[in-house]
Amino acid sequence: MHTLAARPVEFDLPASPAQAACPTTIGQAWARVPEPLPPGQRAALIERIRELLARERAVLVAHYYVDADLQELAEATGGCVGDSLEMARFGRDHPADTLVVAGVRFMGETAKILSPSKRILMPDLQATCSLDLGCPDDDFTAWCDAHPDRTVVVYANTSAAVKARADWVVTSSIALDVVANLHARGQRILWAPDRHLGSYVQRQTGADMLLWQGACVVHDEFKGVELELLRAEHPQARVLAHPESPQAVLAQADVVGSTTQLIDAARALDAGQFIVATDQGILHKMRAAAPGKQFIAAPTAGNSATCKSCAHCPWMAMNELAGLANVLEHGHNEITLDPELGRRAKLPIDRMLAFAEQRKQRVRASGDLARDTALYERVGPA
């Protein structure tokens, strides 16, 4: 495997989340930077990975944000490309005994939680997430203990230990519906870890929510002012935004939704041009889903005035062909979890999955307009 350079990554780390005044400090992490592969080596690795997947009777599941080569390999070999929940559910239901998860560590953990008897491998176990790093389980537990009267809802981008302390685990595609349901039942919410997604859910539902102050290093960098300028250059473009983005960005969006929902919108909307405020890894899938349409990465301004449209998770970028081949060849980088921790973490995930299944049943129209009106009460523009 070729040598990888490393780059520093700063992330938001709430300093004293158990206290009423909760300042945020800057945490320091790092990410490996894969070097570009020569075309001949790239083709050879792709072919070798195909052979190894068959030899190991393994299936590859990849997130929308990883390199396009990995996404194409997953689909070409009978695997899955999706969001973290789709990846975990696919892996759980697939007959393969070995799952290779191309994404970040919490995704591998979630796959292990739902498939405890399967072998879960990852191209790089050091591929983490700023939301996970910014929500240490001991601080989170202290925060929960300080608010015993609240229902604990955590985003999927968290460690197994944080999930195990929660009442509910949600993804961005179902967070609004779960919190709206809890709010309607008079429950007050303790939300972690993403403050932007939490604020969006709070605004949309009116729920009483206390928010952990974490943020995604990618989405937090999107700038409302920069987006306004880009929209002026492309007045016909529709804006698609992930709800981990700041409010100044979401306020300008035509559609706010999860990765899967944004891809569906790109395919369905009658527009030829889109500005996309999420990790640019998703553009590969959008272009495949909506050929002939133009997709423009939303600007971040980055750490300097010259860095625009550079939104790509540094840890997602650590998933590369050489690492994938090495893992399959030698069986390295297996996700392990304490069985009891996995059992406790599975409970709030199962609660979400059951809710999602019930919701799917509820939204099937009967054909009676008077009866079905309630299905459309919360449908409208983002």
# chains A, B, ... in the order shown; residues from 1 in each chain; ligands from 1
call {"tool": "residues_around", "arguments": {"residues": "region 144-151 of chain A", "least_positions_apart": "4", "cutoff": "6 Å", "atoms": "only C-alpha atoms", "output": "PyMOL selection string"}}
result
chain A and resi 188-190
call {"tool": "closest_residue", "arguments": {"among": "A:Ile275, A:Leu85, A:Ile120, A:Ala268", "to": "Glu226 (chain A)", "atoms": "only C-alpha atoms"}}
result
A:Ile275
call {"tool": "residues_around", "arguments": {"residues": "region 125-141 of chain A", "least_positions_apart": "3", "cutoff": "9 Å", "atoms": "only C-alpha atoms", "output": "PyMOL selection string"}}
result
chain A and resi 9-14+16-18+27+29+31-32+103-106+108+121-122+144-146+157-162+165+192-194+212-217+313-319+333-335
call {"tool": "write_last_selection", "arguments": {"atoms": "N, CA and C atoms", "output": "CSV table (one decimal), in the first residue's frame"}}
result
chain,number,residue,atom,x,y,z
A,9,VAL,N,-7.1,18.3,11.3
A,9,VAL,CA,-8.5,18.6,11.1
A,9,VAL,C,-9.0,19.2,12.4
A,10,GLU,N,-9.5,20.4,12.4
A,10,GLU,CA,-10.1,21.0,13.6
A,10,GLU,C,-11.6,20.7,13.6
A,11,PHE,N,-12.2,20.5,14.9
A,11,PHE,CA,-13.6,20.2,15.0
A,11,PHE,C,-14.1,20.9,16.3
A,12,ASP,N,-15.4,21.1,16.3
A,12,ASP,CA,-16.0,21.7,17.5
A,12,ASP,C,-16.1,20.7,18.6
A,13,LEU,N,-15.7,21.1,19.8
A,13,LEU,CA,-15.8,20.2,21.0
A,13,LEU,C,-16.4,20.9,22.1
A,14,PRO,N,-17.7,20.7,22.4
A,14,PRO,CA,-18.3,21.3,23.6
A,14,PRO,C,-17.5,21.1,24.9
A,16,SER,N,-18.0,21.9,28.3
A,16,SER,CA,-18.6,21.5,29.5
A,16,SER,C,-20.1,21.3,29.3
A,17,PRO,N,-20.5,20.3,28.5
A,17,PRO,CA,-21.9,20.1,28.1
A,17,PRO,C,-22.8,19.9,29.3
A,18,ALA,N,-22.3,19.4,30.5
A,18,ALA,CA,-23.2,19.2,31.6
A,18,ALA,C,-23.6,20.5,32.3
A,27,GLY,N,-11.3,21.1,19.0
A,27,GLY,CA,-10.6,19.9,19.1
A,27,GLY,C,-9.6,19.7,17.9
A,29,ALA,N,-7.7,16.9,15.4
A,29,ALA,CA,-7.7,15.5,14.9
A,29,ALA,C,-6.8,15.5,13.7
A,31,ALA,N,-6.3,13.4,9.6
A,31,ALA,CA,-6.8,12.5,8.5
A,31,ALA,C,-5.7,12.2,7.5
A,32,ARG,N,-5.7,10.9,7.1
A,32,ARG,CA,-4.7,10.6,6.1
A,32,ARG,C,-5.2,11.1,4.7
A,103,GLY,N,-16.8,4.0,4.5
A,103,GLY,CA,-17.4,5.1,5.1
A,103,GLY,C,-16.6,5.6,6.3
A,104,VAL,N,-17.2,6.0,7.4
A,104,VAL,CA,-16.5,6.4,8.6
A,104,VAL,C,-16.9,5.4,9.7
A,105,ARG,N,-16.1,5.5,10.8
A,105,ARG,CA,-16.2,4.4,11.8
A,105,ARG,C,-17.6,4.2,12.4
A,106,PHE,N,-18.3,5.2,12.7
A,106,PHE,CA,-19.7,5.0,13.3
A,106,PHE,C,-20.5,4.1,12.4
A,108,GLY,N,-19.4,1.7,10.4
A,108,GLY,CA,-19.0,0.3,10.7
A,108,GLY,C,-19.6,-0.2,12.0
A,121,LEU,N,-15.6,-5.3,8.2
A,121,LEU,CA,-14.3,-4.7,7.9
A,121,LEU,C,-14.4,-3.3,7.4
A,122,MET,N,-13.4,-2.5,7.6
A,122,MET,CA,-13.4,-1.2,7.0
A,122,MET,C,-12.0,-0.9,6.3
A,144,CYS,N,-26.9,13.7,30.0
A,144,CYS,CA,-28.1,13.0,30.1
A,144,CYS,C,-28.6,12.9,31.5
A,145,ASP,N,-27.6,12.5,32.4
A,145,ASP,CA,-27.9,12.4,33.8
A,145,ASP,C,-28.4,13.7,34.4
A,146,ALA,N,-27.9,14.8,33.9
A,146,ALA,CA,-28.4,16.1,34.4
A,146,ALA,C,-29.8,16.5,34.0
A,157,ASN,N,-24.8,9.7,13.6
A,157,ASN,CA,-23.4,10.0,13.5
A,157,ASN,C,-22.8,10.1,14.9
A,158,THR,N,-22.9,9.0,15.6
A,158,THR,CA,-22.4,8.9,17.0
A,158,THR,C,-21.8,7.6,17.3
A,159,SER,N,-21.0,7.4,18.4
A,159,SER,CA,-20.4,6.2,18.7
A,159,SER,C,-21.5,5.2,19.2
A,160,ALA,N,-21.1,3.9,19.3
A,160,ALA,CA,-22.0,2.9,19.9
A,160,ALA,C,-22.3,3.2,21.3
A,161,ALA,N,-21.4,3.8,22.1
A,161,ALA,CA,-21.6,4.1,23.5
A,161,ALA,C,-22.6,5.2,23.6
A,162,VAL,N,-22.6,6.2,22.8
A,162,VAL,CA,-23.6,7.2,22.8
A,162,VAL,C,-25.0,6.7,22.4
A,165,ARG,N,-26.8,5.0,25.2
A,165,ARG,CA,-27.4,5.8,26.3
A,165,ARG,C,-28.7,6.5,25.8
A,192,ALA,N,-28.6,15.3,20.4
A,192,ALA,CA,-27.2,15.3,20.2
A,192,ALA,C,-26.9,14.6,18.8
A,193,PRO,N,-25.8,14.9,18.2
A,193,PRO,CA,-24.8,15.9,18.6
A,193,PRO,C,-24.8,17.2,17.7
A,194,ASP,N,-25.5,17.1,16.5
A,194,ASP,CA,-25.4,18.2,15.5
A,194,ASP,C,-26.3,19.4,15.9
A,212,TRP,N,-27.0,19.6,22.0
A,212,TRP,CA,-25.6,19.5,22.1
A,212,TRP,C,-25.0,20.4,21.0
A,213,GLN,N,-23.8,20.9,21.2
A,213,GLN,CA,-23.3,21.9,20.3
A,213,GLN,C,-22.2,21.4,19.3
A,214,GLY,N,-22.4,20.2,18.8
A,214,GLY,CA,-21.5,19.7,17.8
A,214,GLY,C,-21.8,20.2,16.4
A,215,ALA,N,-20.9,19.9,15.5
A,215,ALA,CA,-21.1,20.3,14.1
A,215,ALA,C,-20.3,19.4,13.2
A,216,CYS,N,-20.8,19.2,12.0
A,216,CYS,CA,-20.0,18.5,10.9
A,216,CYS,C,-19.0,19.5,10.3
A,217,VAL,N,-17.8,19.0,10.2
A,217,VAL,CA,-16.7,19.9,9.6
A,217,VAL,C,-17.0,20.3,8.2
A,313,CYS,N,-15.5,15.5,3.1
A,313,CYS,CA,-15.1,15.0,4.4
A,313,CYS,C,-13.7,14.4,4.4
A,314,PRO,N,-12.7,14.9,5.2
A,314,PRO,CA,-11.4,14.4,5.1
A,314,PRO,C,-11.3,12.9,5.5
A,315,TRP,N,-12.2,12.5,6.3
A,315,TRP,CA,-12.2,11.1,6.8
A,315,TRP,C,-12.9,10.2,5.7
A,316,MET,N,-13.9,10.6,5.1
A,316,MET,CA,-14.5,9.9,3.9
A,316,MET,C,-13.4,9.6,2.9
A,317,ALA,N,-12.5,10.7,2.7
A,317,ALA,CA,-11.5,10.6,1.7
A,317,ALA,C,-10.4,9.5,2.0
A,318,MET,N,-10.4,9.1,3.2
A,318,MET,CA,-9.4,8.0,3.6
A,318,MET,C,-9.8,6.6,3.1
A,319,ASN,N,-11.0,6.5,2.6
A,319,ASN,CA,-11.5,5.2,2.0
A,319,ASN,C,-10.9,5.2,0.6
A,333,ASN,N,-8.5,-4.6,10.1
A,333,ASN,CA,-9.5,-3.5,10.4
A,333,ASN,C,-10.9,-4.1,10.6
A,334,GLU,N,-11.0,-5.0,11.5
A,334,GLU,CA,-12.3,-5.6,11.8
A,334,GLU,C,-12.9,-4.7,12.9
A,335,ILE,N,-14.2,-4.4,12.8
A,335,ILE,CA,-14.9,-3.7,13.9
A,335,ILE,C,-15.3,-4.7,14.9
call {"tool": "select_by_dssp", "arguments": {"residues": "region 215-342 of chain A", "states": "strand (DSSP E or B)", "output": "number ranges by chain"}}
result
A: 238-241, 255-256, 273-277, 294-297, 334
call {"tool": "write_last_selection", "arguments": {"atoms": "N, CA, C and O atoms", "output": "mmCIF file, in the first residue's frame"}}
result
data_model
loop_
_atom_site.group_PDB
_atom_site.id
_atom_site.type_symbol
_atom_site.label_atom_id
_atom_site.label_comp_id
_atom_site.auth_asym_id
_atom_site.auth_seq_id
_atom_site.Cartn_x
_atom_site.Cartn_y
_atom_site.Cartn_z
ATOM 1 N N ARG A 238 -31.786 25.465 -8.675
ATOM 2 C CA ARG A 238 -32.469 25.112 -7.425
ATOM 3 C C ARG A 238 -31.403 24.725 -6.407
ATOM 4 O O ARG A 238 -30.367 24.150 -6.758
ATOM 5 N N VAL A 239 -31.681 25.010 -5.145
ATOM 6 C CA VAL A 239 -30.708 24.746 -4.082
ATOM 7 C C VAL A 239 -31.150 23.527 -3.274
ATOM 8 O O VAL A 239 -32.280 23.478 -2.755
ATOM 9 N N LEU A 240 -30.261 22.547 -3.169
ATOM 10 C CA LEU A 240 -30.496 21.341 -2.380
ATOM 11 C C LEU A 240 -29.533 21.377 -1.195
ATOM 12 O O LEU A 240 -28.329 21.506 -1.386
ATOM 13 N N ALA A 241 -30.050 21.256 0.024
ATOM 14 C CA ALA A 241 -29.195 21.396 1.205
ATOM 15 C C ALA A 241 -29.478 20.307 2.230
ATOM 16 O O ALA A 241 -30.635 19.946 2.478
ATOM 17 N N VAL A 255 -34.972 22.606 -1.350
ATOM 18 C CA VAL A 255 -35.215 21.308 -0.702
ATOM 19 C C VAL A 255 -34.180 21.124 0.395
ATOM 20 O O VAL A 255 -32.981 21.316 0.173
ATOM 21 N N VAL A 256 -34.655 20.767 1.591
ATOM 22 C CA VAL A 256 -33.788 20.383 2.697
ATOM 23 C C VAL A 256 -34.057 18.908 2.970
ATOM 24 O O VAL A 256 -35.211 18.515 3.170
ATOM 25 N N GLN A 273 -30.467 22.752 -13.391
ATOM 26 C CA GLN A 273 -29.258 23.168 -12.684
ATOM 27 C C GLN A 273 -29.524 23.190 -11.183
ATOM 28 O O GLN A 273 -30.564 23.685 -10.740
ATOM 29 N N PHE A 274 -28.560 22.659 -10.413
ATOM 30 C CA PHE A 274 -28.719 22.580 -8.967
ATOM 31 C C PHE A 274 -27.442 23.030 -8.274
ATOM 32 O O PHE A 274 -26.337 22.717 -8.717
ATOM 33 N N ILE A 275 -27.611 23.747 -7.171
ATOM 34 C CA ILE A 275 -26.518 24.048 -6.256
ATOM 35 C C ILE A 275 -26.688 23.115 -5.069
ATOM 36 O O ILE A 275 -27.769 23.071 -4.465
ATOM 37 N N VAL A 276 -25.647 22.379 -4.729
ATOM 38 C CA VAL A 276 -25.767 21.305 -3.738
ATOM 39 C C VAL A 276 -24.925 21.617 -2.509
ATOM 40 O O VAL A 276 -23.695 21.714 -2.591
ATOM 41 N N ALA A 277 -25.599 21.766 -1.368
ATOM 42 C CA ALA A 277 -24.922 22.057 -0.102
ATOM 43 C C ALA A 277 -24.857 20.791 0.746
ATOM 44 O O ALA A 277 -25.624 20.599 1.691
ATOM 45 N N GLN A 294 -27.054 19.774 -14.465
ATOM 46 C CA GLN A 294 -25.781 20.298 -13.969
ATOM 47 C C GLN A 294 -25.830 20.461 -12.454
ATOM 48 O O GLN A 294 -26.794 21.007 -11.906
ATOM 49 N N PHE A 295 -24.769 20.002 -11.784
ATOM 50 C CA PHE A 295 -24.698 20.090 -10.329
ATOM 51 C C PHE A 295 -23.471 20.900 -9.933
ATOM 52 O O PHE A 295 -22.360 20.607 -10.351
ATOM 53 N N ILE A 296 -23.715 21.915 -9.112
ATOM 54 C CA ILE A 296 -22.674 22.843 -8.689
ATOM 55 C C ILE A 296 -22.506 22.702 -7.186
ATOM 56 O O ILE A 296 -23.481 22.805 -6.427
ATOM 57 N N ALA A 297 -21.281 22.464 -6.726
ATOM 58 C CA ALA A 297 -21.035 22.355 -5.287
ATOM 59 C C ALA A 297 -21.186 23.730 -4.637
ATOM 60 O O ALA A 297 -20.651 24.723 -5.128
ATOM 61 N N GLU A 334 -10.995 -5.048 11.452
ATOM 62 C CA GLU A 334 -12.319 -5.564 11.797
ATOM 63 C C GLU A 334 -12.915 -4.747 12.935
ATOM 64 O O GLU A 334 -12.247 -4.418 13.911
#
call {"tool": "closest_residue", "arguments": {"among": "A:Ala265, A:Ala156, A:Leu337, A:Ala311", "to": "Phe222 (chain A)", "atoms": "only C-alpha atoms"}}
result
A:Ala311
call {"tool": "closest_residue", "arguments": {"among": "A:His234, A:Glu47, A:Val327, A:Met352", "to": "Val101 (chain A)", "atoms": "only C-alpha atoms"}}
result
A:Val327
call {"tool": "residues_around", "arguments": {"residues": "Phe355 (chain A)", "least_positions_apart": "3", "cutoff": "12 Å", "atoms": "only C-alpha atoms", "output": "list of chain:residue names"}}
result
A:Trp168, A:Val169, A:Val170, A:Ile174, A:Ala175, A:Asp177, A:Val178, A:Val179, A:Asn181, A:Leu182, A:Pro348, A:Ile349, A:Asp350, A:Arg351, A:Met352, A:Gln358, A:Arg359, A:Lys360, A:Gln361, A:Arg362
call {"tool": "atom_distance", "arguments": {"atom1": "CA of Thr171 (chain A)", "atom2": "CA of Ala88 (chain A)"}}
result
12.0 Å
call {"tool": "atom_distance", "arguments": {"atom1": "CA of Asp97 (chain A)", "atom2": "CA of Leu60 (chain A)"}}
result
11.5 Å
call {"tool": "closest_residue", "arguments": {"among": "A:Val61, A:Trp143, A:His332, A:Asp69", "to": "Ala43 (chain A)", "atoms": "only C-alpha atoms"}}
result
A:Asp69
call {"tool": "select_by_dssp", "arguments": {"residues": "region 90-243 of chain A", "states": "alpha helix (DSSP H)", "output": "PyMOL selection string"}}
result
chain A and resi 90-93+105-114+130-133+137-145+160-165+175-184+195-205+224-233
call {"tool": "closest_residue", "arguments": {"among": "A:Glu35, A:Glu329, A:Asp167, A:Asp264", "to": "Arg344 (chain A)", "atoms": "only C-alpha atoms"}}
result
A:Asp167
